[in-house]
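*Asks:* This is target-v5.tsv, which holds TSV, C-alpha atoms and all ligand atoms:
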```tsv
chain	number	residue	atom	x	y	z
K	15	MET	CA	133.29	102.08	90.08
K	16	ILE	CA	131.30	104.66	91.99
K	17	ALA	CA	132.44	107.92	93.48
K	18	VAL	CA	130.37	109.39	96.29
K	19	VAL	CA	130.54	113.16	96.15
K	20	LYS	CA	130.87	115.26	99.31
K	21	GLU	CA	127.78	117.22	100.41
K	22	THR	CA	129.84	120.40	100.27
K	23	ALA	CA	130.71	120.04	96.56
K	24	THR	CA	129.37	122.71	94.23
K	25	GLN	CA	127.71	121.99	90.88
K	26	ASP	CA	130.75	123.50	89.14
K	27	GLN	CA	133.10	121.13	90.93
K	28	LEU	CA	130.85	118.19	90.07
K	29	ASP	CA	130.68	119.19	86.38
K	30	HIS	CA	134.44	119.57	86.32
K	31	PHE	CA	134.95	116.14	87.86
K	32	VAL	CA	132.55	114.49	85.37
K	33	LYS	CA	134.32	116.18	82.46
K	34	TRP	CA	137.66	115.02	83.77
K	35	ILE	CA	136.49	111.41	84.03
K	36	GLU	CA	134.84	111.48	80.59
K	37	GLY	CA	138.00	113.02	79.16
K	38	ARG	CA	139.73	109.78	80.12
K	39	GLY	CA	137.37	107.75	77.95
K	40	PHE	CA	134.82	106.66	80.58
K	41	LYS	CA	131.07	107.09	80.56
K	42	THR	CA	129.39	108.50	83.66
K	43	ASN	CA	126.00	108.19	85.29
K	44	VAL	CA	125.30	110.94	87.83
K	45	SER	CA	122.60	110.25	90.38
K	46	GLN	CA	121.60	113.19	92.52
K	47	GLY	CA	119.60	111.79	95.44
K	48	ASP	CA	118.18	113.56	98.46
K	49	ASN	CA	121.10	112.57	100.65
K	50	GLU	CA	124.07	112.05	98.39
K	51	THR	CA	125.31	112.49	94.87
K	52	ILE	CA	126.90	109.52	93.23
K	53	VAL	CA	128.93	109.39	90.04
K	54	GLY	CA	128.90	105.98	88.38
K	55	ILE	CA	132.01	105.47	86.27
K	56	ILE	CA	131.45	103.05	83.41
K	57	GLY	CA	134.22	101.40	81.43
K	58	ASP	CA	137.36	99.46	82.27
K	59	THR	CA	137.88	101.09	85.66
K	60	THR	CA	140.82	98.85	86.47
K	61	GLN	CA	142.83	101.70	84.90
K	62	ILE	CA	141.62	104.17	87.54
K	63	ASP	CA	143.52	104.58	90.78
K	64	PRO	CA	140.81	104.88	93.47
K	65	PHE	CA	143.28	106.58	95.82
K	66	LEU	CA	143.79	109.34	93.29
K	67	LEU	CA	140.03	109.98	93.19
K	68	GLU	CA	139.74	109.85	96.96
K	69	SER	CA	142.47	112.43	97.22
K	70	MET	CA	140.28	114.92	95.36
K	71	ASP	CA	138.57	117.62	97.42
K	72	ILE	CA	135.03	116.82	96.38
K	73	ILE	CA	135.15	113.04	96.71
K	74	GLU	CA	133.91	111.42	99.90
K	75	ARG	CA	134.78	107.82	98.99
K	76	VAL	CA	135.25	105.50	96.05
K	77	GLN	CA	133.92	101.98	95.73
K	78	ARG	CA	134.54	99.34	93.12
K	79	VAL	CA	131.39	97.73	91.76
K	80	SER	CA	131.92	94.22	90.57
K	81	GLU	CA	128.52	93.75	88.92
K	82	PRO	CA	128.55	94.30	85.17
K	83	PHE	CA	125.17	96.09	85.28
K	84	LYS	CA	125.57	99.76	86.02
K	85	LYS	CA	122.47	101.69	85.03
K	86	ALA	CA	120.18	99.10	86.65
K	87	ASN	CA	122.39	98.93	89.75
K	88	ARG	CA	121.11	100.28	93.06
K	89	LYS	CA	124.65	101.23	94.04
K	90	PHE	CA	124.62	103.91	91.35
K	91	HIS	CA	121.07	104.96	92.01
K	92	PRO	CA	120.07	104.32	95.63
K	93	GLU	CA	116.50	105.61	95.32
K	94	ASP	CA	113.75	103.40	93.90
K	95	THR	CA	112.85	104.22	90.32
K	96	VAL	CA	109.22	105.15	89.78
K	97	VAL	CA	108.00	104.37	86.26
K	98	ASP	CA	105.17	106.49	84.90
K	99	CYS	CA	102.95	104.19	82.82
K	100	GLY	CA	100.51	106.90	81.71
K	101	HIS	CA	96.87	107.54	82.69
K	102	GLY	CA	98.18	108.69	86.09
K	103	VAL	CA	99.52	105.22	86.97
K	104	LYS	CA	103.00	105.02	88.49
K	105	ILE	CA	104.80	101.90	89.65
K	106	GLY	CA	107.71	101.51	92.07
K	107	GLY	CA	108.90	103.48	95.09
K	108	GLY	CA	105.83	102.56	97.13
K	109	ASN	CA	103.37	102.61	94.22
K	110	PHE	CA	101.78	99.15	93.84
K	111	GLN	CA	99.85	98.28	90.67
K	112	VAL	CA	97.96	95.24	89.43
K	113	ILE	CA	98.07	94.45	85.72
K	114	ALA	CA	95.24	92.11	84.70
K	115	GLY	CA	93.55	90.85	81.56
K	116	PRO	CA	93.49	87.91	79.19
K	117	CYS	CA	96.57	86.12	77.92
K	118	SER	CA	95.56	86.93	74.32
K	119	VAL	CA	93.32	89.61	72.92
K	120	GLU	CA	90.52	87.60	71.30
K	121	GLY	CA	87.89	90.19	70.38
K	122	LYS	CA	85.17	92.15	72.07
K	123	ASN	CA	85.25	90.07	75.28
K	124	LEU	CA	88.35	92.15	76.09
K	125	PHE	CA	86.02	95.00	77.10
K	126	GLU	CA	83.98	92.81	79.42
K	127	ILE	CA	87.16	91.48	81.08
K	128	ALA	CA	88.66	94.98	81.28
K	129	ARG	CA	85.57	96.42	82.99
K	130	ALA	CA	85.52	93.55	85.47
K	131	VAL	CA	89.21	93.75	86.42
K	132	LYS	CA	89.02	97.51	86.77
K	133	ALA	CA	85.97	97.21	89.05
K	134	SER	CA	87.98	94.80	91.22
K	135	GLY	CA	90.89	97.24	91.53
K	136	ALA	CA	93.26	96.40	88.65
K	137	THR	CA	94.99	99.56	87.48
K	138	MET	CA	96.51	98.36	84.19
K	139	LEU	CA	95.11	96.18	81.42
K	140	ARG	CA	97.08	93.40	79.77
K	141	GLY	CA	96.47	91.31	76.64
K	142	GLY	CA	98.71	89.86	73.97
K	143	ALA	CA	98.18	90.81	70.33
K	144	TYR	CA	101.42	89.15	69.20
K	145	LYS	CA	101.83	85.82	70.97
K	146	PRO	CA	105.10	83.93	71.36
K	147	ARG	CA	103.83	80.34	71.14
K	148	THR	CA	106.01	77.30	71.53
K	149	SER	CA	104.34	75.72	68.50
K	150	PRO	CA	104.03	77.55	65.17
K	151	TYR	CA	100.63	75.84	64.80
K	152	SER	CA	99.18	77.39	67.97
K	153	TYR	CA	97.21	80.63	67.93
K	154	GLN	CA	99.63	83.47	67.15
K	155	GLY	CA	97.53	86.47	68.18
K	156	MET	CA	95.32	89.03	66.41
K	157	GLY	CA	98.22	91.32	65.47
K	158	GLU	CA	97.46	94.95	64.68
K	159	ARG	CA	93.70	94.51	65.16
K	160	GLY	CA	94.46	93.29	68.68
K	161	LEU	CA	96.47	96.45	69.39
K	162	ASP	CA	93.53	98.55	68.18
K	163	LEU	CA	91.14	96.75	70.54
K	164	LEU	CA	93.55	97.34	73.43
K	165	VAL	CA	93.83	101.03	72.60
K	166	GLU	CA	90.02	101.28	72.43
K	167	ALA	CA	89.65	99.55	75.81
K	168	SER	CA	92.35	101.76	77.29
K	169	ALA	CA	90.50	104.89	76.17
K	170	GLU	CA	87.16	103.63	77.45
K	171	LEU	CA	88.50	102.64	80.86
K	172	ASP	CA	91.28	105.22	81.20
K	173	MET	CA	93.81	102.49	81.99
K	174	PRO	CA	97.33	102.01	80.63
K	175	ILE	CA	97.80	98.88	78.54
K	176	VAL	CA	100.61	96.35	78.66
K	177	THR	CA	101.16	94.23	75.57
K	178	GLU	CA	103.99	92.14	74.20
K	179	VAL	CA	106.25	93.20	71.35
K	180	MET	CA	108.17	90.31	69.76
K	181	ASP	CA	109.87	91.80	66.75
K	182	PRO	CA	112.12	94.88	66.60
K	183	ARG	CA	110.37	95.77	63.32
K	184	ASP	CA	107.06	96.19	65.23
K	185	VAL	CA	108.34	98.71	67.77
K	186	GLN	CA	107.44	101.69	65.54
K	187	LEU	CA	103.88	100.34	65.16
K	188	PHE	CA	103.58	100.12	68.96
K	189	LEU	CA	104.77	103.73	69.20
K	190	ASP	CA	102.33	104.85	66.51
K	191	LYS	CA	99.43	103.16	68.32
K	192	GLY	CA	100.43	104.81	71.61
K	193	ILE	CA	100.93	101.57	73.55
K	194	ASP	CA	101.60	102.53	77.18
K	195	VAL	CA	103.88	99.66	78.25
K	196	MET	CA	105.73	97.24	75.95
K	197	GLN	CA	106.19	93.77	77.39
K	198	ILE	CA	109.23	91.71	76.49
K	199	GLY	CA	108.29	88.09	77.07
K	200	ALA	CA	110.34	85.33	78.65
K	201	ARG	CA	111.25	83.87	75.27
K	202	ASN	CA	112.69	87.19	74.14
K	203	ALA	CA	114.41	88.15	77.37
K	204	GLN	CA	117.81	87.86	75.66
K	205	ASN	CA	116.78	89.01	72.20
K	206	PHE	CA	119.37	91.76	72.25
K	207	PRO	CA	118.34	93.57	69.04
K	208	LEU	CA	114.77	93.76	70.42
K	209	LEU	CA	116.01	95.02	73.80
K	210	ARG	CA	118.08	97.69	72.05
K	211	GLU	CA	115.15	98.74	69.88
K	212	VAL	CA	112.76	99.29	72.82
K	213	GLY	CA	115.68	100.99	74.58
K	214	LYS	CA	115.69	103.67	71.86
K	215	THR	CA	112.21	104.75	72.95
K	216	GLN	CA	111.04	106.26	76.24
K	217	VAL	CA	108.04	103.92	76.50
K	218	PRO	CA	108.03	101.85	79.73
K	219	VAL	CA	109.15	98.26	79.20
K	220	LEU	CA	107.98	95.30	81.29
K	221	LEU	CA	110.92	92.91	80.99
K	222	LYS	CA	110.13	89.33	81.92
K	223	ARG	CA	112.72	86.94	83.25
K	224	GLY	CA	113.84	84.39	80.65
K	225	LEU	CA	112.79	80.76	80.92
K	226	SER	CA	116.12	79.71	82.43
K	227	GLU	CA	117.63	83.07	83.18
K	228	THR	CA	119.66	83.92	86.24
K	229	ILE	CA	118.88	87.11	88.13
K	230	ASP	CA	122.11	88.66	86.81
K	231	GLU	CA	121.15	87.83	83.22
K	232	LEU	CA	117.76	89.49	83.75
K	233	LEU	CA	119.54	92.59	85.03
K	234	MET	CA	121.86	92.56	82.02
K	235	GLY	CA	118.74	92.50	79.81
K	236	ALA	CA	117.55	95.62	81.63
K	237	GLU	CA	121.02	97.09	81.10
K	238	TYR	CA	120.67	96.61	77.32
K	239	ILE	CA	117.45	98.64	77.34
K	240	MET	CA	118.79	101.34	79.67
K	241	SER	CA	122.12	101.65	77.87
K	242	GLU	CA	120.20	102.85	74.79
K	243	GLY	CA	118.65	105.66	76.84
K	244	ASN	CA	115.34	104.27	78.14
K	245	PRO	CA	115.32	104.34	81.96
K	246	ASN	CA	111.70	103.13	82.23
K	247	VAL	CA	112.21	99.43	82.88
K	248	ILE	CA	110.00	97.25	85.08
K	249	LEU	CA	111.38	93.80	85.95
K	250	CYS	CA	109.11	90.77	86.09
K	251	GLU	CA	109.62	87.45	87.88
K	252	ARG	CA	107.41	84.94	86.08
K	253	GLY	CA	108.84	81.63	87.20
K	254	ILE	CA	111.81	79.69	85.90
K	255	ARG	CA	112.41	76.20	84.60
K	256	THR	CA	113.47	73.67	87.19
K	257	PHE	CA	113.22	69.89	87.54
K	258	GLU	CA	109.74	70.30	89.07
K	259	THR	CA	106.93	69.23	86.75
K	260	ARG	CA	103.87	69.69	88.98
K	261	THR	CA	103.70	73.35	88.04
K	262	ARG	CA	104.38	75.03	84.70
K	263	ASN	CA	107.36	76.88	86.18
K	264	THR	CA	108.87	77.37	89.62
K	265	PHE	CA	108.05	80.75	91.08
K	266	ASP	CA	111.30	82.23	92.36
K	267	VAL	CA	109.84	84.40	95.12
K	268	ASN	CA	113.40	84.96	96.34
K	269	ALA	CA	114.08	86.93	93.17
K	270	ILE	CA	111.77	89.73	94.34
K	271	PRO	CA	113.83	90.86	97.39
K	272	VAL	CA	117.07	89.98	95.59
K	273	LEU	CA	116.17	92.23	92.64
K	274	HIS	CA	115.16	94.99	95.05
K	275	HIS	CA	118.52	94.65	96.77
K	276	LEU	CA	120.52	94.75	93.54
K	277	SER	CA	118.46	97.18	91.51
K	278	HIS	CA	116.37	100.33	91.88
K	279	LEU	CA	113.91	99.21	89.20
K	280	PRO	CA	110.32	98.22	90.07
K	281	VAL	CA	109.68	94.46	90.33
K	282	VAL	CA	106.43	92.77	89.33
K	283	GLY	CA	105.42	89.19	90.08
K	284	ASP	CA	103.49	87.11	87.53
K	285	PRO	CA	101.82	84.25	89.42
K	286	SER	CA	99.93	83.07	86.31
K	287	HIS	CA	102.89	81.93	84.19
K	288	ALA	CA	104.81	81.04	87.35
K	289	THR	CA	102.32	78.33	88.32
K	290	GLY	CA	100.35	77.50	85.15
K	291	TYR	CA	97.25	76.35	87.03
K	292	THR	CA	94.34	78.50	88.18
K	293	ARG	CA	94.22	76.69	91.54
K	294	TYR	CA	97.71	77.90	92.49
K	295	VAL	CA	97.68	81.42	91.04
K	296	ARG	CA	96.19	83.17	94.06
K	297	SER	CA	98.65	81.65	96.54
K	298	ALA	CA	101.58	82.73	94.39
K	299	ALA	CA	100.08	86.22	94.01
K	300	TYR	CA	99.85	86.53	97.80
K	301	ALA	CA	103.44	85.33	98.19
K	302	ALA	CA	104.71	87.90	95.67
K	303	THR	CA	102.79	90.69	97.41
K	304	ALA	CA	104.12	89.64	100.80
K	305	ALA	CA	107.66	89.51	99.37
K	306	GLY	CA	107.37	93.20	98.53
K	307	ALA	CA	106.64	93.15	94.79
K	308	ASP	CA	105.74	96.56	93.33
K	309	GLY	CA	102.95	94.96	91.36
K	310	LEU	CA	101.41	91.81	89.94
K	311	GLU	CA	100.51	90.67	86.45
K	312	ILE	CA	97.57	88.26	86.51
K	313	GLU	CA	95.72	86.58	83.64
K	314	VAL	CA	91.93	86.86	83.84
K	315	HIS	CA	89.38	85.46	81.39
K	316	ASP	CA	85.59	85.60	81.36
K	317	ASN	CA	85.40	81.98	80.17
K	318	PRO	CA	88.75	80.23	80.77
K	319	SER	CA	87.74	76.93	79.18
K	320	GLU	CA	87.20	78.79	75.89
K	321	ALA	CA	90.33	80.97	76.09
K	322	TRP	CA	92.54	80.95	72.99
K	323	SER	CA	95.68	80.64	75.11
K	324	ASP	CA	96.60	79.93	78.75
K	325	GLY	CA	93.04	79.11	79.84
K	326	ALA	CA	94.42	76.63	82.39
K	327	GLN	CA	95.95	79.44	84.42
K	328	ALA	CA	93.31	82.13	84.01
K	329	LEU	CA	91.30	83.41	86.96
K	330	THR	CA	87.65	84.17	86.37
K	331	PRO	CA	86.58	87.74	87.20
K	332	THR	CA	85.00	86.41	90.42
K	333	GLN	CA	88.21	84.64	91.46
K	334	PHE	CA	90.18	87.76	90.60
K	335	ASP	CA	87.88	89.91	92.70
K	336	ASP	CA	88.38	87.56	95.64
K	337	ALA	CA	92.16	87.63	95.11
K	338	MET	CA	92.23	91.43	95.01
K	339	ARG	CA	90.56	91.69	98.42
K	340	ARG	CA	93.27	89.55	99.99
K	341	ILE	CA	96.09	91.23	98.00
K	342	ARG	CA	94.99	94.60	99.40
K	343	LEU	CA	95.09	93.22	102.95
K	344	ILE	CA	98.54	91.71	102.43
K	345	ARG	CA	99.81	94.91	100.87
K	346	GLU	CA	98.55	96.84	103.90
K	347	ALA	CA	100.34	94.44	106.23
K	348	VAL	CA	103.58	94.72	104.25
K	349	THR	CA	103.58	98.51	104.23
K	350	ALA	CA	102.10	99.23	107.68
K	351	PRO	CA	104.47	100.99	110.06
K	352	VAL	CA	105.54	98.73	112.89
K	353	GLU	CA	107.13	99.70	116.15
K	354	GLU	CA	110.84	99.07	116.40
K	355	ALA	CA	111.76	96.22	118.75
K	356	GLU	CA	113.33	97.50	122.00
V	1	LIG	C1	102.30	86.32	78.58
V	1	LIG	O1	102.43	87.27	79.38
V	1	LIG	O2	101.20	85.94	78.11
V	1	LIG	C2	103.50	85.49	78.27
V	1	LIG	C3	103.61	84.84	77.12
V	1	LIG	O3	104.37	85.48	79.30
V	1	LIG	P1	105.86	84.84	79.38
V	1	LIG	O4	106.65	85.54	78.32
V	1	LIG	O5	106.26	85.16	80.77
V	1	LIG	O6	105.73	83.37	79.13
V	2	MN	MN	99.92	83.92	78.87
```
Translate the structure of the given file into structure tokens.
Ligand code: PEP
Ligand code: MN

*Replies:*
Amino acid sequence: MIAVVKETATQDQLDHFVKWIEGRGFKTNVSQGDNETIVGIIGDTTQIDPFLLESMDIIERVQRVSEPFKKANRKFHPEDTVVDCGHGVKIGGGNFQVIAGPCSVEGKNLFEIARAVKASGATMLRGGAYKPRTSPYSYQGMGERGLDLLVEASAELDMPIVTEVMDPRDVQLFLDKGIDVMQIGARNAQNFPLLREVGKTQVPVLLKRGLSETIDELLMGAEYIMSEGNPNVILCERGIRTFETRTRNTFDVNAIPVLHHLSHLPVVGDPSHATGYTRYVRSAAYAATAAGADGLEIEVHDNPSEAWSDGAQALTPTQFDDAMRRIRLIREAVTAPVEEAE
């Protein structure tokens, strides 16, 4: 349930109202925007009489919220959330960022790839040190050494890094290393102990949509993180499983405007995992940009045929550079002011 507070209400009246609600066993989430102040009331609000609240001097109106996600819900927090990823890079609320790099950190070629993607306009560097592979016999990642290489590349290029954490026991190591953004992969999208653990930090989390997750389930994953106190969540549409076999996944471009409608969190599109084939990645990247994504995550490798994972979907630095030119044009078209129709 949300209570919209009247513009004329004083801070004292608002504090008193919040205390009164909390005294009845509910949690609250106060969002003070430029235009209105909203109090989100969390708990079994069926016990609250909305007419009683509306009869109070400071309350403008009361609305029931049926969605079970509260902290991620735009109704409670109308303004877009802007997540600060470090190194001066912010995402959301009009800030568009491109995260690029190899699927896995493999060694020193990370630096070559990082320099190339930065020169083409990428603002964040990605690379997996801990890899969630479908087979236990596939390459599992470099582990801690991979994190060290990422940190070194981040310092050299002054770019925030995005890298996947798979195990709640590793979260402290990621904090100690100063990882800028922790990625939760599709296979861990509903690993609730892991979501809670990253939620106990303030480090931005890039939460990928699960392999067969609905949009509401993705938002509930974000809710797990936020309910522990970490508001810095970035959502990622990376394709879902459908009956289609011509691509690795089916890119749900719809999810981008739907997530923006339902939530204030930034939304990133990942055209690499969404398509699985280099030849389709650029088209999907353009579609995500046109759909209003706040950013993209794209896999780039200097020698895709030799990549240790996901070579089939990697762009070469030259292909990435070409893609970035078009992405910039599309982004300009999406954000350009247009005259209102008569
Ligand atoms: C990745 O980003 O390399 C990855 C494994 O992605 P996903 O979890 O979306 O499959
Ligand atoms: Mn990958």

*Asks:* Please extract the residues at most 12 Å from ligand MN 2 (chain V), counting all atoms listed in the file, and provide them as a ChimeraX atom specification, using the chain letters and residue numbers of this document.

*Replies:* /K:114-119,140-148,153-155,177-178,197,199-201,222,252,262,284-291,311-315,318,321-329

*Asks:* Have a look at K:Leu139, K:Leu273, K:Thr256, K:Gln333 and name the one nearest to ligand LIG 1 (chain V); count all atoms listed in the file.

*Replies:*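 Checking each of K:Leu139, K:Leu273, K:Thr256, K:Gln333 against ligand LIG 1 (chain V), counting all atoms listed in the file, the winner is K:Leu139.
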
*Asks:* Which protein, DNA or RNA residues have an atom at most 7 Å from (95.4, 89.3, 95.5), counting only C-alpha atoms? List them as a list in words.

*Replies:*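 Here the neighbourhood of the point contains Arg296, Ala299, Tyr300, Ala337, Met338, Arg339, Arg340, Ile341 and Arg342 of chain K.
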
*Asks:* For CA of Pro64 in chain K and CA of Ala17 in chain K, quote the distance in Å rounded to one decimal.

*Replies:* 8.9 Å

*Asks:* Expressed in Å to a single decimal, how great is the separation between CA of Val76 in chain K and CA of Asp94 in chain K?

*Replies:* 21.7 Å

*Asks:* What's the separation between CA of Pro245 in chain K and atom C2 of ligand LIG 1 (chain V), in Å to one decimal place?

*Replies:* 22.6 Å

*Asks:* Put the listed atoms of range 45-57 of chain K in a box along x, y and z with 4 Å added on every side and give me the centre and edge lengths in Å to one decimal, as lines of an AutoDock Vina configuration file.

*Replies:*
```
center_x = 126.2
center_y = 107.5
center_z = 91.0
size_x = 24.0
size_y = 20.2
size_z = 27.2
```

*Asks:* Dig up all the protein and nucleic acid residues within 8 Å of (110.7, 99.5, 89.0) in the file frame, using all atoms listed in the file, and format them as a list in words.

*Replies:* Asp94, Thr95, Val96, Val97, Ile105, Gly106, Gly107, Asn246, Val247, Ile248, Leu249, His278, Leu279, Pro280, Val281, Val282 and Asp308 of chain K

*Asks:* May I ask which of the residues K:Gly306, K:Pro174, K:Gly224, K:Pro92 is the closest one to Ile52 in chain K, counting all atoms listed in the file?

*Replies:*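 Closest to Ile52 in chain K of all the choices is K:Pro92.
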
*Asks:* Using all atoms listed in the file, which of K:Val217, K:Met15, K:Cys99, K:Ala203 sits nearest ligand LIG 1 (chain V)?

*Replies:*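 Among the listed residues, K:Ala203 lies closest to ligand LIG 1 (chain V).
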
*Asks:* Need to verify the contact set: Asp184 in chain K, 12 Å, only C-alpha atoms, exclusion of same-chain residues closer than 4 positions in sequence. Can you return it as a PyMOL selection string?

*Replies:* chain K and resi 143-144+157-158+161+178-180+188-191+193+196+208+211-212

*Asks:* From the list K:Gly39, K:Pro271, K:Pro331, K:Gly253, which residue is nearest ligand LIG 1 (chain V) when using all atoms listed in the file?

*Replies:*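 Of K:Gly39, K:Pro271, K:Pro331, K:Gly253, the one nearest ligand LIG 1 (chain V) is K:Gly253, counting all atoms listed in the file.
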
*Asks:* For Cys250 in chain K, which residue among K:Gly309, K:Val272, K:Gly108, K:Asn202 is the nearest when counting only C-alpha atoms?

*Replies:*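 Selected residue with least distance to Cys250 in chain K: K:Gly309.
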
*Asks:* Can you tell me which residues surround Met234 in chain K at a distance of at most 12 Å, considering only C-alpha atoms, apart from same-chain residues fewer than 2 positions away, and format the answer as JSON, numbers by chain?

*Replies:* {"K": [81, 82, 83, 84, 85, 86, 87, 203, 204, 205, 206, 209, 210, 221, 223, 224, 227, 228, 229, 230, 231, 232, 236, 237, 238, 239, 240, 241, 247, 249, 276, 277]}

*Asks:* Can you work out which one of K:Val295, K:Leu164, K:Ile254, K:Leu124 has the shortest atom-to-atom distance to ligand LIG 1 (chain V), counting only C-alpha atoms and all ligand atoms?

*Replies:*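 Among the listed residues, K:Ile254 lies closest to ligand LIG 1 (chain V).
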
*Asks:* Might you pull out every residue within 9 Å of Lys41 in chain K, with only C-alpha atoms counted and same-chain residues fewer than 4 positions away left off, and present them as an MDAnalysis selection string?

*Replies:* chainID K and resid 32 35:36 54:57

*Asks:* Do you know which residues are at most 9 Å from Val103 in chain K counting all atoms listed in the file, after dropping those on the same chain fewer than 5 positions away, and could you put them as an MDAnalysis selection string?

*Replies:* chainID K and resid 97:98 109 111 137:138 173:174
